[in-house]
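Undergrad: One structure follows; several queries about it will come next.
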Amino acid sequence: MENNLYYYDSVLDAVVMKDKDDNKLVIECSKANAQVVFDEPEDEAYLVRLAREEPANYVSYALKPDGLQGYVDVMNVFN
């Protein structure tokens, strides 16, 4: 089993994933979030909160086609 470390870096405004060999995957939130169409500008808060509180899930959604868009769309339905 591989151990990965996920964390939000506020200086870079990025989610970082590090594996056991210290390789890094950096997802810049501003660039990833720019690909999402928001119904309301405030909807970006869903992604900001996801990146800060659940960085592993943010990476998971960001690596899927339309994953972040789907997340925002679902959050709009629930809220």
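A note on labels: chains of the structure tokens are A, B, ... as shown, every chain counts residues from 1, and ligands are counted from 1 in their shown order.
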Would you please extract all helix (DSSP H, G or I) residues from region 3-76 of chain A, as assigned by DSSP on the backbone, and give them as a VMD selection string?

TA: chain A and resid 29 to 33 41 to 53 55 to 62 67 to 76

Undergrad: So that I can check the surroundings of Arg49 (chain A), please list as a ChimeraX atom specification every protein, DNA and RNA residue that reaches within 12 Å of it, counting only C-alpha atoms and ignoring chain neighbours fewer than 4 positions away.

TA: /A:8,15,29,42-45,53-55,57-58,71-72,75

Undergrad: Mind dumping the selected residues with C-alpha atoms as a tab-separated table (two decimals), in the first residue's frame?

TA:
```
chain	number	residue	atom	x	y	z
A	8	TYR	CA	-3.28	22.64	0.95
A	15	VAL	CA	-3.08	21.34	-3.29
A	29	CYS	CA	-6.29	25.94	-7.40
A	42	GLU	CA	-19.92	32.74	-4.59
A	43	ASP	CA	-20.03	29.11	-5.75
A	44	GLU	CA	-16.24	29.12	-5.96
A	45	ALA	CA	-16.32	28.87	-2.16
A	53	GLU	CA	-10.52	20.84	4.25
A	54	GLU	CA	-10.36	17.78	1.99
A	55	PRO	CA	-7.28	18.09	-0.25
A	57	ASN	CA	-10.85	14.73	-2.57
A	58	TYR	CA	-9.91	17.94	-4.40
A	71	TYR	CA	-18.79	18.73	-7.71
A	72	VAL	CA	-19.96	22.35	-7.91
A	75	MET	CA	-23.34	21.22	-4.30
```

Undergrad: Mind checking which residues fall within 7 Å of Tyr6 (chain A), counting only C-alpha atoms, ignoring those fewer than 5 positions away in the same chain, and posting them as a list of chain:residue names?

TA: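 The residues that qualify are A:Val16, A:Met17, A:Lys18, A:Pro55, A:Ala56.
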
Undergrad: Please dump the current selection as a PDB file, in the first residue's frame; keep N, CA and C atoms.

TA:
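again-v1.pdb was written with the following content:
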```pdb
ATOM      1  N   VAL A  16      -1.186  19.962  -2.766  1.00  0.00           N
ATOM      2  CA  VAL A  16       0.029  19.203  -3.046  1.00  0.00           C
ATOM      3  C   VAL A  16      -0.171  17.763  -2.595  1.00  0.00           C
ATOM      4  N   MET A  17       0.219  16.849  -3.453  1.00  0.00           N
ATOM      5  CA  MET A  17       0.231  15.439  -3.107  1.00  0.00           C
ATOM      6  C   MET A  17       1.678  14.965  -3.156  1.00  0.00           C
ATOM      7  N   LYS A  18       2.150  14.363  -2.079  1.00  0.00           N
ATOM      8  CA  LYS A  18       3.505  13.804  -2.028  1.00  0.00           C
ATOM      9  C   LYS A  18       3.386  12.302  -1.811  1.00  0.00           C
ATOM     10  N   PRO A  55      -8.167  18.003   0.911  1.00  0.00           N
ATOM     11  CA  PRO A  55      -7.277  18.089  -0.250  1.00  0.00           C
ATOM     12  C   PRO A  55      -7.211  16.809  -1.078  1.00  0.00           C
ATOM     13  N   ALA A  56      -7.340  15.649  -0.463  1.00  0.00           N
ATOM     14  CA  ALA A  56      -7.303  14.398  -1.228  1.00  0.00           C
ATOM     15  C   ALA A  56      -8.504  14.319  -2.177  1.00  0.00           C
TER      16      ALA A  56
END
```

Undergrad: Extract, using only C-alpha atoms, all DNA, RNA and protein residues at most 8 Å from Gln69 (chain A), discarding same-chain residues fewer than 5 positions from it, and format them as a list of chain:residue names.

TA: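 My reading of the contact set: A:Gln35, A:Val36, A:Val37.
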
Undergrad: Give the answer as one residue: which of A:Leu63, A:Leu5, A:Ala14, A:Val74 has the shortest atom-to-atom distance to Ala51 (chain A), using only C-alpha atoms?

TA: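 Ranking A:Leu63, A:Leu5, A:Ala14, A:Val74 by distance to Ala51 (chain A), first place goes to A:Ala14.
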
Undergrad: Could you tell me, as a PDB file with C-alpha atoms, in the first residue's frame, which residues of chain A DSSP assigns to strand (DSSP E or B) when given the backbone?

TA:
```
ATOM      1  CA  LEU A   5       0.318  12.954   1.856  1.00  0.00           C
ATOM      2  CA  TYR A   6      -2.180  15.567   0.695  1.00  0.00           C
ATOM      3  CA  TYR A   7      -2.217  19.146   1.932  1.00  0.00           C
ATOM      4  CA  TYR A   8      -3.284  22.639   0.951  1.00  0.00           C
ATOM      5  CA  ASP A   9      -0.433  25.154   0.573  1.00  0.00           C
ATOM      6  CA  ALA A  14      -2.338  24.860  -4.405  1.00  0.00           C
ATOM      7  CA  VAL A  15      -3.084  21.338  -3.291  1.00  0.00           C
ATOM      8  CA  VAL A  16       0.029  19.203  -3.046  1.00  0.00           C
ATOM      9  CA  MET A  17       0.231  15.439  -3.107  1.00  0.00           C
ATOM     10  CA  LYS A  18       3.505  13.804  -2.028  1.00  0.00           C
ATOM     11  CA  LYS A  24       5.082  15.898  -5.773  1.00  0.00           C
ATOM     12  CA  LEU A  25       1.954  16.602  -7.752  1.00  0.00           C
ATOM     13  CA  VAL A  26       0.945  20.256  -7.417  1.00  0.00           C
ATOM     14  CA  ILE A  27      -2.491  21.426  -8.543  1.00  0.00           C
ATOM     15  CA  GLU A  28      -2.794  25.186  -8.628  1.00  0.00           C
TER      16      GLU A  28
END
```

Undergrad: At what distance in Å, to one decimal, does CA of Asp39 (chain A) lie from CA of Leu68 (chain A)?

TA: 13.6 Å

Undergrad: With only C-alpha atoms as the basis for distance, which of A:Asp21, A:Val11, A:Leu47, A:Pro41 is at the shortest distance from Tyr61 (chain A)?

TA: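 Once distances to Tyr61 (chain A) are computed over only C-alpha atoms, the minimum belongs to A:Leu47.
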
Undergrad: Would you work out the distance separating CA of Asp22 (chain A) from CA of Val48 (chain A), expressed in Å to one decimal?

TA: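 Separation between CA of Asp22 (chain A) and CA of Val48 (chain A): 25.2 Å.
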